[in-house]
>>> print(open('final31.cif').read())   # mmCIF, C-alpha atoms
data_data
loop_
_atom_site.label_atom_id
_atom_site.label_comp_id
_atom_site.auth_asym_id
_atom_site.auth_seq_id
_atom_site.Cartn_x
_atom_site.Cartn_y
_atom_site.Cartn_z
CA MET A 59 25.09 6.31 -7.54
CA SER A 60 27.22 5.86 -4.40
CA ALA A 61 28.68 2.52 -3.36
CA GLN A 62 26.28 2.46 -0.41
CA GLY A 63 23.35 3.12 -2.74
CA ARG A 64 24.43 0.33 -5.06
CA ALA A 65 24.79 -2.03 -2.10
CA THR A 66 21.36 -1.03 -0.83
CA ARG A 67 19.80 -1.64 -4.22
CA LEU A 68 21.60 -4.97 -4.57
CA GLY A 69 20.39 -6.07 -1.15
CA ALA A 70 16.82 -5.16 -2.02
CA ARG A 71 17.12 -6.97 -5.35
CA LEU A 72 18.53 -10.11 -3.69
CA LEU A 73 15.71 -10.16 -1.18
CA GLN A 74 13.08 -9.66 -3.87
CA ALA A 75 14.66 -12.36 -6.03
CA ALA A 76 14.77 -14.80 -3.12
CA ALA A 77 11.14 -14.12 -2.26
CA ALA A 78 10.11 -14.52 -5.90
CA LEU A 79 12.05 -17.77 -6.19
CA ALA A 80 10.55 -19.10 -2.99
CA LEU A 81 7.03 -18.33 -4.14
CA ALA A 82 7.69 -19.77 -7.61
CA LEU A 83 9.01 -23.03 -6.18
CA SER A 84 6.07 -23.34 -3.85
CA LEU A 85 3.60 -22.48 -6.61
CA ALA A 86 5.21 -25.08 -8.85
CA GLY A 87 4.78 -27.70 -6.16
CA CYS A 88 1.17 -26.72 -5.59
CA GLU A 89 0.45 -26.76 -9.31
CA ARG A 90 1.81 -30.30 -9.58
CA GLY A 91 -0.36 -31.35 -6.67
CA SER A 92 -3.63 -29.55 -7.40
CA GLY A 93 -3.19 -27.57 -10.60
CA ASP A 94 -4.98 -24.51 -9.22
CA ALA A 95 -2.37 -22.31 -7.49
CA LEU A 96 -2.39 -19.77 -10.32
CA THR A 97 -5.74 -20.71 -11.84
CA PRO A 98 -8.69 -18.38 -11.22
CA PRO A 99 -11.67 -19.89 -9.41
CA ASN A 100 -13.72 -19.15 -12.54
CA ASN A 101 -12.09 -18.78 -15.97
CA GLY A 102 -14.92 -16.75 -17.43
CA VAL A 103 -15.64 -13.92 -19.85
CA ALA A 104 -16.75 -10.46 -18.73
CA SER A 105 -19.22 -8.47 -20.80
CA SER A 106 -17.55 -5.16 -19.93
CA LEU A 107 -14.78 -3.60 -17.84
CA HIS A 108 -17.20 -2.94 -15.00
CA LEU A 109 -15.74 -4.10 -11.68
CA ASN A 110 -18.58 -6.50 -10.89
CA ALA A 111 -18.52 -8.07 -14.36
CA LEU A 112 -14.77 -8.65 -14.15
CA MET A 113 -15.03 -10.14 -10.65
CA ASP A 114 -17.83 -12.48 -11.79
CA ALA A 115 -15.62 -13.64 -14.66
CA ALA A 116 -12.72 -14.43 -12.32
CA PHE A 117 -14.51 -15.68 -9.19
CA GLY A 118 -17.95 -16.78 -10.43
CA SER A 119 -21.22 -14.92 -10.13
CA GLN A 120 -22.53 -17.63 -7.78
CA GLN A 121 -19.87 -16.57 -5.24
CA GLN A 122 -21.09 -12.99 -5.17
CA VAL A 123 -22.49 -11.82 -1.83
CA ILE A 124 -24.37 -8.53 -1.48
CA ASP A 125 -24.89 -6.89 1.88
CA THR A 126 -25.73 -3.40 3.10
CA GLN A 127 -22.09 -2.23 2.91
CA GLN A 128 -20.51 -3.75 -0.20
CA VAL A 129 -20.51 -6.47 -2.82
CA ARG A 130 -17.92 -9.17 -2.14
CA TRP A 131 -16.93 -12.55 -3.52
CA ARG A 132 -16.04 -15.74 -1.65
CA ALA A 133 -13.08 -17.81 -2.81
CA ASN A 134 -10.52 -20.41 -1.77
CA LEU A 135 -7.05 -19.27 -2.81
CA MET A 136 -3.56 -20.69 -2.41
CA LEU A 137 -1.81 -18.02 -0.29
CA PRO A 138 1.21 -17.72 1.99
CA PRO A 139 0.38 -17.94 5.72
CA ALA A 140 -1.24 -14.74 6.96
CA GLN A 141 1.04 -12.35 8.82
CA GLU A 142 -0.05 -9.72 11.28
CA ALA A 143 0.79 -6.07 10.61
CA ARG A 144 3.48 -5.01 13.04
CA LEU A 145 2.90 -2.19 15.50
CA PRO A 146 4.90 1.04 15.75
CA SER A 147 8.59 1.24 16.68
CA VAL A 148 9.22 -2.01 14.83
CA MET A 149 6.92 -1.71 11.84
CA LEU A 150 7.79 1.60 10.23
CA PRO A 151 9.72 1.58 6.96
CA ALA A 152 13.17 3.16 7.09
CA SER A 153 13.55 6.88 6.47
CA GLU A 154 14.25 6.28 2.79
CA PRO A 155 12.08 4.02 0.61
CA LEU A 156 13.67 0.68 -0.22
CA ALA A 157 16.43 1.33 2.34
CA PRO A 158 18.88 -1.42 3.44
CA LEU A 159 17.08 -4.59 4.40
CA PRO A 160 18.08 -7.24 6.95
CA PRO A 161 20.84 -9.61 5.78
CA LEU A 162 19.60 -12.37 3.53
CA THR A 163 19.91 -15.68 5.37
CA ALA A 164 18.40 -19.10 4.95
CA ALA A 165 16.90 -18.86 8.43
CA SER A 166 15.09 -15.58 7.73
CA HIS A 167 13.88 -16.58 4.25
CA PRO A 168 13.32 -20.34 4.18
CA LEU A 169 12.71 -22.02 0.84
CA PRO A 170 10.22 -22.92 -0.29
CA VAL A 171 7.39 -20.75 1.07
CA ALA A 172 4.51 -22.94 2.20
CA LEU A 173 1.22 -22.02 0.55
CA GLN A 174 -2.07 -23.06 2.04
CA ARG A 175 -5.61 -23.10 0.78
CA THR A 176 -7.32 -20.16 2.45
CA ALA A 177 -11.00 -19.24 2.54
CA VAL A 178 -11.14 -15.52 1.80
CA VAL A 179 -13.51 -12.70 1.03
CA THR A 180 -12.43 -10.57 -1.93
CA ILE A 181 -13.46 -7.14 -3.15
CA PRO A 182 -12.38 -5.27 -6.32
CA ARG A 183 -10.21 -2.17 -5.90
CA GLU A 184 -9.17 -0.79 -9.29
CA VAL A 185 -9.43 -1.71 -12.96
CA VAL A 186 -7.01 -0.30 -15.54
CA ARG A 187 -7.20 -0.71 -19.30
CA LEU A 188 -3.55 -1.10 -20.26
CA ASN A 189 -4.09 -0.95 -24.04
CA ASP A 190 -6.70 -1.86 -26.64
CA THR A 191 -6.56 -5.57 -25.82
CA ARG A 192 -5.27 -5.86 -22.24
CA ALA A 193 -6.74 -4.86 -18.87
CA VAL A 194 -5.95 -5.61 -15.24
CA LEU A 195 -8.16 -5.79 -12.16
CA VAL A 196 -6.56 -5.40 -8.73
CA PHE A 197 -8.46 -6.95 -5.84
CA GLU A 198 -7.87 -7.39 -2.12
CA SER A 199 -8.58 -10.45 0.02
CA VAL A 200 -9.01 -10.96 3.74
CA PRO A 201 -9.51 -14.32 5.51
CA ALA A 202 -13.14 -15.26 6.06
CA ASP A 203 -14.62 -16.22 9.41
CA GLY A 204 -16.79 -19.28 9.98
CA GLU A 205 -19.81 -17.50 8.54
CA GLY A 206 -18.04 -16.32 5.41
CA ARG A 207 -17.62 -12.71 6.51
CA PRO A 208 -14.35 -10.75 6.59
CA ALA A 209 -12.32 -11.55 9.72
CA ARG A 210 -10.78 -8.18 10.49
CA ARG A 211 -8.63 -7.02 13.39
CA GLN A 212 -6.49 -3.91 13.70
CA THR A 213 -3.40 -5.86 12.69
CA SER A 214 -5.09 -7.80 9.85
CA GLN A 215 -3.41 -7.13 6.52
CA ALA A 216 -5.11 -7.18 3.13
CA VAL A 217 -3.70 -9.47 0.44
CA LEU A 218 -3.41 -7.74 -2.92
CA GLY A 219 -3.92 -9.82 -6.06
CA ALA A 220 -4.42 -9.14 -9.76
CA VAL A 221 -6.40 -10.60 -12.65
CA PHE A 222 -5.28 -9.86 -16.20
CA TYR A 223 -7.79 -9.91 -19.07
CA SER A 224 -7.49 -10.08 -22.85
CA ARG A 225 -10.21 -8.74 -25.11
CA ALA A 226 -12.08 -11.74 -26.44
CA ALA A 227 -12.06 -12.49 -30.14
CA ALA A 228 -15.03 -11.21 -32.11
CA GLY A 229 -16.70 -14.58 -32.36
CA LYS A 230 -16.23 -15.74 -28.76
CA ASN A 231 -19.21 -15.65 -26.43
CA SER A 232 -19.73 -16.58 -22.83
CA PRO A 233 -22.47 -19.21 -22.43
CA GLU A 234 -23.73 -17.27 -19.40
CA LYS A 235 -23.68 -13.82 -21.05
CA PRO A 236 -24.07 -13.81 -24.85
CA ARG A 237 -22.55 -10.82 -26.59
CA ALA A 238 -24.79 -7.90 -27.44
CA ALA A 239 -24.24 -5.90 -30.61
CA GLY A 240 -21.11 -3.77 -30.32
CA GLU A 241 -20.25 -5.15 -26.87
CA GLU A 242 -16.68 -5.94 -25.84
CA GLN A 243 -15.92 -9.08 -23.91
CA TRP A 244 -12.90 -9.76 -21.75
CA GLN A 245 -11.38 -13.19 -21.13
CA VAL A 246 -9.38 -13.98 -17.99
CA SER A 247 -5.79 -14.54 -19.19
CA ARG A 248 -3.65 -14.51 -16.03
CA PHE A 249 -4.39 -14.82 -12.33
CA LEU A 250 -2.09 -13.65 -9.52
CA PRO A 251 -3.73 -14.45 -6.17
CA TYR A 252 -0.86 -12.88 -4.20
CA VAL A 253 1.21 -9.79 -5.02
CA ASP A 254 1.69 -8.27 -1.56
CA ALA A 255 0.13 -8.03 1.90
CA VAL A 256 -0.30 -4.52 3.34
CA GLY A 257 -2.55 -2.36 5.47
CA TYR A 258 -4.55 -2.68 8.65
CA GLU A 259 -8.02 -3.89 9.63
CA GLY A 260 -8.15 -6.05 6.50
CA SER A 261 -7.86 -3.12 4.10
CA ALA A 262 -4.99 -1.88 1.94
CA GLY A 263 -6.30 1.68 2.39
CA ASP A 264 -7.22 4.40 -0.07
CA SER A 265 -6.11 3.79 -3.65
CA GLN A 266 -5.19 6.02 -6.58
CA VAL A 267 -4.13 5.28 -10.18
CA TYR A 268 -1.62 7.46 -12.07
CA LYS A 269 -0.66 7.07 -15.73
CA LEU A 270 3.13 7.07 -16.13
CA ALA A 271 3.53 6.20 -19.81
CA PRO A 272 1.66 4.25 -22.50
CA GLU A 273 0.75 0.84 -21.04
CA ARG A 274 2.34 1.71 -17.67
CA TYR A 275 0.51 2.90 -14.55
CA LEU A 276 1.28 3.44 -10.89
CA LEU A 277 -1.30 2.17 -8.40
CA THR A 278 -0.83 3.53 -4.88
CA PHE A 279 -2.38 2.46 -1.60
CA GLU A 280 -2.30 4.65 1.50
CA SER A 281 -2.58 2.49 4.60
CA GLU A 282 -3.54 4.27 7.81
CA SER A 283 -3.86 3.30 11.44
CA CYS A 284 -3.74 4.87 14.90
CA TRP A 285 -2.37 3.70 18.24
CA GLN A 286 -2.96 5.52 21.53
CA GLY A 287 -3.47 8.89 19.87
CA THR A 288 -0.64 8.60 17.33
CA CYS A 289 -1.64 8.04 13.70
CA GLY A 290 0.48 7.02 10.74
CA SER A 291 0.06 6.57 7.01
CA TRP A 292 2.26 4.51 4.68
CA LEU A 293 2.48 4.61 0.90
CA HIS A 294 2.83 1.47 -1.24
CA GLY A 295 3.11 1.99 -5.00
CA TYR A 296 2.81 -0.78 -7.62
CA LEU A 297 3.65 -0.74 -11.31
CA LEU A 298 0.82 -2.01 -13.50
CA GLN A 299 1.83 -3.01 -17.02
CA PRO A 300 1.16 -5.89 -19.41
CA GLU A 301 4.07 -7.84 -17.88
CA GLY A 302 2.48 -7.89 -14.42
CA MET A 303 2.13 -6.03 -11.13
CA ALA A 304 5.04 -5.38 -8.77
CA LEU A 305 5.94 -3.18 -5.80
CA ALA A 306 8.01 -0.18 -6.95
CA LEU A 307 7.73 2.51 -4.23
CA GLN A 308 7.18 2.61 -0.49
CA SER A 309 7.49 5.42 2.04
CA ARG A 310 6.12 6.90 5.23
CA LEU A 311 3.51 9.35 4.01
CA ALA A 312 2.03 11.00 7.10
CA GLY A 313 2.07 11.01 10.87
CA ASN A 314 0.62 12.99 13.75
CA ASN A 315 0.38 12.65 17.52
CA ARG A 316 -2.05 15.48 18.25
CA ALA A 317 -4.19 13.18 20.40
CA ALA A 318 -1.33 11.35 22.09
CA TYR A 319 -0.49 14.10 24.59
CA ALA A 320 -2.74 16.70 26.19
CA ASP A 321 -0.59 19.64 25.08
CA CYS A 322 0.18 18.63 21.47
CA ASP A 323 -2.87 20.13 19.82
CA ALA A 324 -2.17 23.50 21.47
CA ARG A 325 1.54 23.35 20.64
CA LEU A 326 0.74 22.79 16.95
CA SER A 327 -2.11 25.32 16.72
CA PRO A 328 -1.58 28.65 14.92
CA GLN A 329 -0.28 31.50 17.03
CA ARG A 330 -3.07 33.81 18.11
CA SER A 331 -1.27 37.16 18.22
CA GLY A 332 2.30 38.38 18.13
CA PRO A 333 5.42 36.26 18.36
CA ARG A 334 5.32 33.48 20.90
CA GLN A 335 8.20 33.47 23.31
CA ARG A 336 9.67 30.31 24.66
CA ARG A 337 8.52 30.04 28.23
CA ARG A 338 11.08 29.08 30.79
CA PRO A 339 9.96 26.33 33.15
CA ALA A 340 9.14 27.54 36.62
CA ALA A 341 11.57 26.70 39.39
CA ALA A 342 10.86 23.32 40.86
CA ASP A 343 9.15 23.33 44.20
CA PRO A 344 10.81 20.77 46.47
CA ALA A 345 7.49 20.25 48.18
CA THR A 346 5.84 19.09 44.95
CA PRO A 347 8.15 16.53 43.28
CA ALA A 348 5.24 14.96 41.45
CA SER A 349 4.49 18.25 39.67
CA ALA A 350 8.13 18.63 38.69
CA ALA A 351 8.19 15.10 37.32
CA ALA A 352 5.02 15.73 35.33
CA SER A 353 6.48 18.94 33.87
CA ALA A 354 9.66 17.11 32.88
CA ALA A 355 7.61 14.38 31.20
CA ILE A 356 5.72 16.97 29.15
CA ASP A 357 8.95 18.63 28.05
CA SER A 358 10.45 15.29 27.01
CA HIS A 359 8.11 14.58 24.09
CA SER A 360 7.78 16.11 20.64
CA CYS A 361 4.56 16.93 18.83
CA PHE A 362 4.16 16.56 15.08
CA ASP A 363 1.61 16.67 12.28
CA VAL A 364 3.14 16.08 8.85
CA ARG A 365 1.45 14.83 5.68
CA GLY A 366 2.68 14.14 2.17
CA GLU A 367 0.86 14.21 -1.16
CA VAL A 368 1.82 12.17 -4.23
CA HIS A 369 2.15 13.92 -7.59
CA PRO A 370 3.34 12.43 -10.89
CA ILE A 371 5.55 14.67 -13.02
CA SER A 372 5.55 13.93 -16.75
CA ARG A 373 8.86 13.44 -18.54
CA GLU A 374 8.98 13.60 -22.31
CA ALA A 375 9.42 10.14 -23.91
CA ALA A 376 9.89 8.48 -20.50
CA SER A 377 7.93 7.22 -17.52
CA ALA A 378 6.75 10.03 -15.27
CA ASP A 379 8.67 10.87 -12.12
CA VAL A 380 6.84 10.84 -8.80
CA SER A 381 7.14 13.61 -6.23
CA ILE A 382 5.97 13.48 -2.63
CA ARG A 383 5.34 16.96 -1.22
CA PHE A 384 5.35 17.11 2.57
CA LYS A 385 3.86 19.88 4.67
CA GLY A 386 3.26 20.14 8.38
CA LEU A 387 4.45 21.24 11.80
CA VAL A 388 6.83 19.84 14.40
CA SER A 389 7.29 21.05 17.97
CA THR A 390 10.26 19.56 19.76
CA VAL A 391 10.07 21.98 22.71
CA ARG A 392 7.08 23.69 24.29
CA GLY A 393 6.69 27.23 22.99
CA GLU A 394 8.51 26.49 19.74
CA ARG A 395 7.41 24.92 16.49
CA GLN A 396 8.93 24.47 13.06
CA THR A 397 7.23 24.45 9.67
CA VAL A 398 7.90 21.38 7.54
CA GLN A 399 8.01 21.84 3.77
CA GLU A 400 9.96 19.18 1.87
CA THR A 401 9.70 17.65 -1.59
CA GLN A 402 11.19 14.31 -2.55
CA LEU A 403 11.55 13.32 -6.20
CA PHE A 404 11.62 9.69 -7.34
CA ARG A 405 12.59 8.31 -10.75
CA LEU A 406 11.88 4.86 -12.16
CA ASN A 407 15.04 2.81 -12.62
CA ASP A 408 14.91 -0.89 -13.48
CA GLY A 409 11.43 -1.36 -12.00
CA LEU A 410 12.02 0.57 -8.75
CA TYR A 411 11.48 4.22 -7.90
CA GLU A 412 14.72 5.70 -6.55
CA GLN A 413 14.97 9.06 -4.80
CA VAL A 414 16.90 11.48 -7.02
CA ASP A 415 16.23 14.79 -5.25
CA GLY A 416 15.16 16.11 -1.85
CA GLY A 417 16.12 15.38 1.72
CA PRO A 418 15.24 12.60 4.16
CA ASN A 419 11.62 11.72 4.82
CA PRO A 420 10.35 14.45 7.22
CA VAL A 421 7.63 12.30 8.78
CA PRO A 422 9.00 11.47 12.26
CA GLU A 423 9.43 7.84 13.19
CA PHE A 424 7.51 6.79 16.27
#
>>> encode(input="final31.cif", output="structure tokens")
Amino acid sequence: MSAQGRATRLGARLLQAAAALALALSLAGCERGSGDALTPPNNGVASSLHLNALMDAAFGSQQQVIDTQQVRWRANLMLPPAQEARLPSVMLPASEPLAPLPPLTAASHPLPVALQRTAVVTIPREVVRLNDTRAVLVFESVPADGEGRPARRQTSQAVLGAVFYSRAAAGKNSPEKPRAAGEEQWQVSRFLPYVDAVGYEGSAGDSQVYKLAPERYLLTFESESCWQGTCGSWLHGYLLQPEGMALALQSRLAGNNRAAYADCDARLSPQRSGPRQRRRPAAADPATPASAAASAAIDSHSCFDVRGEVHPISREAASADVSIRFKGLVSTVRGERQTVQETQLFRLNDGLYEQVDGGPNPVPEF
């Protein structure tokens, strides 16, 4: 690894360590004051690994709300202050996942982080059985409005949390749900109300679970949003294992601006017949400066439509690698377009996925 790569990794590690320390100090203070910062709202027993049964065990069946769209649970959790998702040009991750981060300073990362009791609406996202006796449920939370419904805006992030369960001993029963013959029961063993905050409109996006090795999984979320005809997608990958849940991979995954400019869809469409020749702009007419200015404005922008797909690649006696395969089109000049076909390969190293093969991320920044 190059000196720059080592410095980058060290900077990321320092920032993660500082954030973890800040949260731990704040949690410790909250636990001394109220004793519930890391305690689930309901320390119950689930009768199965069904999402609803696990959520009832952690949040209480009396907090379950059913409407026409989904089943959700109300809760009051100790969380960091909500932050708005940033908009393009300042919000995009760097070209390489886990790239150099801003310098670590006391002003930018004050200690401790102030937690506050927050009324939220929670929904389950994924449940993974880690081994015969351990399972984890990942849920997302969004602040609730005055009527107990999700308060969502375009820049509202979803808070990801996790509940870990241990298979209950053979003789242990829940007073609410006695054990049926041959039925497994799962006791809440660890509660993490906050792991990360990602996404838009109060959702972390589409999720997918990949098995990397025995007792180790990768859970990915693909967060998408659009602004003025330009759409982007960002990948956040988390390791799930008996020790906990932690961010391990992040990257730009897709982007397109087909609807941002009137000519982009045509510039990116397949050629109809024969080779397309680059058209030279017509000579400017001095009598029509506005037309010349409009033509120059059209020539000044690029059009792009690039998307990546995540694929795990098994490695014998080791955690699987992860590849992101990008395909798409980019047109930097009217009449010309380039095919994008790039594969990046990432390997797990000390809890983080590092790029070990492939070029820079081909999804344009915007």
>>> closest_atom_pairs(input="final31.cif", of="segment 192-263 of chain A", to="segment 177-188 of chain A", cutoff="8 Å", atoms="all atoms listed in the file", output="JSON lines")
{"residue": "A:Arg192", "atom": "CA", "partner": "A:Leu188", "partner_atom": "CA", "distance": 5.4}
{"residue": "A:Ala193", "atom": "CA", "partner": "A:Arg187", "partner_atom": "CA", "distance": 4.2}
{"residue": "A:Val194", "atom": "CA", "partner": "A:Val186", "partner_atom": "CA", "distance": 5.4}
{"residue": "A:Leu195", "atom": "CA", "partner": "A:Val185", "partner_atom": "CA", "distance": 4.3}
{"residue": "A:Val196", "atom": "CA", "partner": "A:Glu184", "partner_atom": "CA", "distance": 5.3}
{"residue": "A:Phe197", "atom": "CA", "partner": "A:Pro182", "partner_atom": "CA", "distance": 4.3}
{"residue": "A:Glu198", "atom": "CA", "partner": "A:Thr180", "partner_atom": "CA", "distance": 5.6}
{"residue": "A:Ser199", "atom": "CA", "partner": "A:Thr180", "partner_atom": "CA", "distance": 4.3}
{"residue": "A:Val200", "atom": "CA", "partner": "A:Val178", "partner_atom": "CA", "distance": 5.4}
{"residue": "A:Pro201", "atom": "CA", "partner": "A:Val178", "partner_atom": "CA", "distance": 4.2}
{"residue": "A:Ala202", "atom": "CA", "partner": "A:Val178", "partner_atom": "CA", "distance": 4.7}
{"residue": "A:Gly206", "atom": "CA", "partner": "A:Val179", "partner_atom": "CA", "distance": 7.3}
{"residue": "A:Arg207", "atom": "CA", "partner": "A:Val179", "partner_atom": "CA", "distance": 6.9}
{"residue": "A:Pro208", "atom": "CA", "partner": "A:Val179", "partner_atom": "CA", "distance": 6.0}
>>> resolve_selection(input="final31.cif", expression="the PyMOL selection byres ((chain A and resi 242) around 7)", output="list in words")
Ser105, Ser106, Gly240, Glu241, Gln243 and Trp244 of chain A
>>> atom_distance(input="final31.cif", atom1="atom CA of Gly290 of chain A", atom2="atom CA of Gly417 of chain A")
19.9 Å
>>> atom_distance(input="final31.cif", atom1="atom CA of Pro328 of chain A", atom2="atom CA of Cys289 of chain A")
20.6 Å
>>> resolve_selection(input="final31.cif", expression="the PyMOL selection byres ((chain A and resi 317) around 12)", output="list in words")
Cys284, Trp285, Gln286, Gly287, Thr288, Cys289, Gly313, Asn314, Asn315, Arg316, Ala318, Tyr319, Ala320, Asp321, Cys322, Asp323, Ala324, Arg325, Leu326, Cys361, Phe362 and Asp363 of chain A
>>> closest_residue(input="final31.cif", among="A:Val246, A:Asp203, A:Lys385, A:Asn189", to="Gln299 of chain A", atoms="all atoms listed in the file")
A:Asn189
>>> closest_residue(input="final31.cif", among="A:Thr397, A:Arg310, A:Gly409, A:Gln245", to="Tyr275 of chain A", atoms="only C-alpha atoms")
A:Gly409
>>> resolve_selection(input="final31.cif", expression="the PyMOL selection byres ((chain A and resi 266) around 8)", output="PyMOL selection string")
chain A and resi 264-265+267-268+277-279
>>> atom_distance(input="final31.cif", atom1="atom CA of Ile124 of chain A", atom2="atom CA of Arg210 of chain A")
18.1 Å
>>> closest_residue(input="final31.cif", among="A:Leu311, A:Val421, A:Met136, A:Leu250", to="Ser381 of chain A", atoms="only C-alpha atoms")
A:Leu311
>>> residues_around(input="final31.cif", residues="Ser309 of chain A", least_positions_apart="2", cutoff="12 Å", atoms="only C-alpha atoms", output="JSON, numbers by chain")
{"A": [150, 151, 152, 153, 154, 155, 156, 157, 278, 279, 280, 281, 290, 291, 292, 293, 294, 295, 305, 306, 307, 311, 312, 313, 365, 366, 367, 368, 381, 382, 384, 402, 404, 411, 412, 413, 418, 419, 420, 421, 422, 423]}
>>> closest_residue(input="final31.cif", among="A:Gln141, A:Gln174, A:Thr126, A:Gln120", to="Ala95 of chain A", atoms="only C-alpha atoms")
A:Gln174
>>> closest_residue(input="final31.cif", among="A:Val398, A:Ala304, A:Leu297, A:Ala216", to="Gly263 of chain A", atoms="only C-alpha atoms")
A:Ala216
>>> closest_residue(input="final31.cif", among="A:Glu400, A:Asp125, A:Glu394, A:Asp379", to="Val364 of chain A", atoms="only C-alpha atoms")
A:Glu400
